[in-house]
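Everything on this sheet refers to the single structure shown next.
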Amino acid sequence: MVFLEKKKKKGHIYWYATERKMVNGVVKRTWQEYLGTAEKIVEMKKKSEGMPHIRLKSFQYGKTAALLAVSDELNFVETVNNHTDKKKIEGLTVGDYLLLNIIGRCDGALSENAMQKWFEKSTLGILWKFPHKLSCQNFLNHYQYVDQETSRKIEDDLCAAMIEMGITPHLLFLDESNWFTYIEKGEELPQKGKSKQFRYDKNLISVGLAVSEDNVPFMHETYEGNTHDSKIFPRLLDTLTERLTNLKITTENLILVFDKGNNSEVNIEEVISEMHILASAKHEQARDLLRIPLDKYKYLYTNPKSHKIYGYRTKYEFFGRQFTTVVMYNDASYKKQVMSYEKRKSKMLEKLADLKRRLESNRGKERDKSSVEREVNGIIQKDFIAIIGYKVGEVPEGKKKPAFTYWIKDAEKERYDGFGKTVIFTDKDRWHSEKIVKTYNQKSLVEDDFKLLNDAFLVTIGPINHHKDVNIRVHTFLCITGLLFYRYLAYRCKYFHISLKRLVGALEGIRIALAENRAKRGRLELVIEEMDSTQARLFSHLNLGKFITG
């Protein structure tokens, strides 16, 4: 128990709060806190009675308020409602439901089932009141109002709003990715394919994404998991061209940047018929360029990682058309690729050496030629088939196992010729080599967006638990819209010169407290917790206080 204890020092009485416990059969003081003189204790009590607030509970506010501010600026809720035909009844609109889903997913509620619990513990549980629960079925019911055509119209309007804010694209970066699902029996979208997450045992959902040079998502398309990048490319290009037409953006000076996985004669011709092109070629499409010695390359620039970038410029034919071509070389990439290559090759050669040793031994069970070939095929990885050669012979007389030899092919030199190099081609003939290379390397913008879509702390597409295609499309649409919110937020705060993750971290640290105001007879009020200088500037810049006072 805690007791009050007084001590007399130099003729003065001082009070302490102390705790005594039985320790080894003896009562000992185990804790002590100095309280002060009797006069000081009385003074502190009177001061506490005059304090206006006592904190009851605090909530994360900054990030939620920032996403609400973005929604308001882009007119998201009204845009959704304008394109859906739900009857006006008491409760939330379709736009409200979609906004709740976006903010909830951005705050870690990774399924519709988790939304109600998240809402009750979030700031929105204080700011928003409505008469029914956020059940999973309620969310799914509202998804039915947003078909593929409707989501495209909503994206059109969001892009139009951003263009009004000054975010007009001049460069567009197009790429594709996929996510595995736990869907065993779905409709058309979930299919097995080449998983980017190496989950070849699971059905996949694929997403194509175009982002602007400001790193803002401009268009997305959800499609079947077994569709190759080059096959879906014409559909993505048609959707992108339609978006540009709807927004009255002329494509004459627009540049589309994409990776070598989308290359084909048809795709190249389609792009050039609409806009300018900046793309990379597969190494086998330009072997003679890769053989050019490095002393023919010119220094272009030093990248942010302090790596020197070199380039060799020429004219080269791809798919029956001449392009300005720059072969980019990065020595740091060369060393990294060589190290990875040699490490993987070494592991395979160790396994092949062990197999050869076992086959040369007459111990153990008998092996036939086909069983050895199956084992070899399991050892040599797909991209090493052209590098490592082997031969499985017949079983020699008096032996139980076939002869086996392996070797490194001459093609390895071609592989080394390509390390550290990227072949970039474009129809922008007047651009200097440095601009061509730097612009192509900006395709990391769309790659970064795909990374964010895998980040559970920001906005993640996975896990996908829906089975119906319409719900899967709405799910990815909401995740991409959440990404758009974040990127627009970063654009609004670009003069703070901090990364998106630091920006989100600073916003998450802005908290509000539900507190009792003693001066107003116990009335509950919302108060802002103490902020650091960056948080205070963000709070003012984004006008986050309006959701408390408005």
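Chain lettering (A, B, ...) mirrors the order of the structure tokens, residue numbering begins at 1 for each chain separately, and ligand numbering begins at 1 in order of display.
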
- Task: Excluding range 435-447 of chain A and any residue of its chain fewer than 6 positions from it, enumerate the residues within 10 Å of it, using only C-alpha atoms, and give them as a ChimeraX atom specification.
- Result: /A:171-177,209-217,255-259,278-280,300-301,303,309-311,324-328,422-426,428-429,453

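By only C-alpha atoms, and with residues fewer than 2 positions from Ala353 in chain A along its chain excluded, the set lying at most 12 Å from it is A:Ser346, A:Lys347, A:Met348, A:Leu349, A:Glu350, A:Lys351, A:Leu355, A:Lys356, A:Arg357, A:Arg358, A:Leu359, A:Glu360, A:Val376, A:Ile379, A:Tyr390, A:Phe404, A:Thr405, A:Tyr406, A:Trp407.
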
For the selection you just gave me, I'd like the residues written to a file as a CSV table (one decimal), in the first residue's frame, keeping N, CA and C atoms.
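This went into again-v1.csv:
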chain,number,residue,atom,x,y,z
A,346,SER,N,27.7,-20.2,-59.1
A,346,SER,CA,28.5,-21.0,-58.2
A,346,SER,C,27.6,-22.1,-57.5
A,347,LYS,N,26.4,-21.7,-57.1
A,347,LYS,CA,25.5,-22.6,-56.4
A,347,LYS,C,25.1,-23.8,-57.4
A,348,MET,N,24.8,-23.4,-58.6
A,348,MET,CA,24.4,-24.4,-59.6
A,348,MET,C,25.5,-25.4,-59.9
A,349,LEU,N,26.7,-24.8,-60.1
A,349,LEU,CA,27.9,-25.6,-60.4
A,349,LEU,C,28.2,-26.6,-59.3
A,350,GLU,N,28.0,-26.1,-58.0
A,350,GLU,CA,28.3,-27.0,-56.9
A,350,GLU,C,27.3,-28.2,-56.9
A,351,LYS,N,26.0,-27.9,-57.2
A,351,LYS,CA,25.0,-29.0,-57.3
A,351,LYS,C,25.3,-29.9,-58.4
A,355,LEU,N,26.2,-33.9,-58.3
A,355,LEU,CA,25.5,-34.9,-59.0
A,355,LEU,C,26.5,-35.8,-59.8
A,356,LYS,N,27.5,-35.1,-60.4
A,356,LYS,CA,28.5,-35.9,-61.2
A,356,LYS,C,29.3,-36.9,-60.3
A,357,ARG,N,29.6,-36.4,-59.1
A,357,ARG,CA,30.3,-37.3,-58.1
A,357,ARG,C,29.4,-38.5,-57.8
A,358,ARG,N,28.2,-38.3,-57.5
A,358,ARG,CA,27.3,-39.3,-57.2
A,358,ARG,C,27.1,-40.3,-58.3
A,359,LEU,N,27.0,-39.8,-59.5
A,359,LEU,CA,26.9,-40.7,-60.7
A,359,LEU,C,28.1,-41.5,-61.0
A,360,GLU,N,29.3,-40.9,-60.7
A,360,GLU,CA,30.5,-41.7,-60.9
A,360,GLU,C,30.8,-42.8,-59.9
A,376,VAL,N,18.9,-32.5,-63.4
A,376,VAL,CA,19.7,-31.4,-64.0
A,376,VAL,C,18.8,-30.2,-64.3
A,379,ILE,N,18.1,-28.2,-61.5
A,379,ILE,CA,19.3,-27.4,-60.9
A,379,ILE,C,19.6,-26.2,-61.8
A,390,TYR,N,25.2,-29.3,-70.9
A,390,TYR,CA,25.4,-30.6,-70.2
A,390,TYR,C,25.1,-31.8,-71.2
A,404,PHE,N,27.9,-38.5,-67.1
A,404,PHE,CA,27.4,-37.1,-67.1
A,404,PHE,C,28.5,-36.1,-67.1
A,405,THR,N,28.4,-35.1,-68.0
A,405,THR,CA,29.4,-34.0,-68.1
A,405,THR,C,28.6,-32.7,-68.3
A,406,TYR,N,29.3,-31.6,-67.9
A,406,TYR,CA,28.7,-30.3,-68.0
A,406,TYR,C,29.8,-29.3,-68.2
A,407,TRP,N,29.5,-28.1,-68.8
A,407,TRP,CA,30.5,-27.1,-69.2
A,407,TRP,C,29.8,-25.7,-69.3

- Please identify all polymer residues within 8 Å of range 159-161 of chain A, counting only C-alpha atoms, omitting same-chain residues fewer than 2 positions from it, and present them as a PyMOL selection string. chain A and resi 74-75+155-157+163-165+218+247

- Distance criterion (only C-alpha atoms): nearest to Val146 in chain A out of A:Thr84, A:Leu237, A:Thr227, A:Glu187: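 Smallest separation from Val146 in chain A among the options: A:Thr84.
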
- Quote the spacing between CA of Ser361 in chain A and CA of Glu375 in chain A in Å to one decimal place. 16.8 Å

- Would you mind writing down, as a ChimeraX atom specification, each residue of range 201-382 of chain A that DSSP on the backbone assigns to strand (DSSP E or B)? /A:204-212,217-224,255-258,276-281,298-302,308-318,321-330

- Could you jot down the CA of Trp118 in chain A to CA of Thr476 in chain A separation for me, Å, one decimal place?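 Result for CA of Trp118 in chain A versus CA of Thr476 in chain A: 20.2 Å, one decimal.
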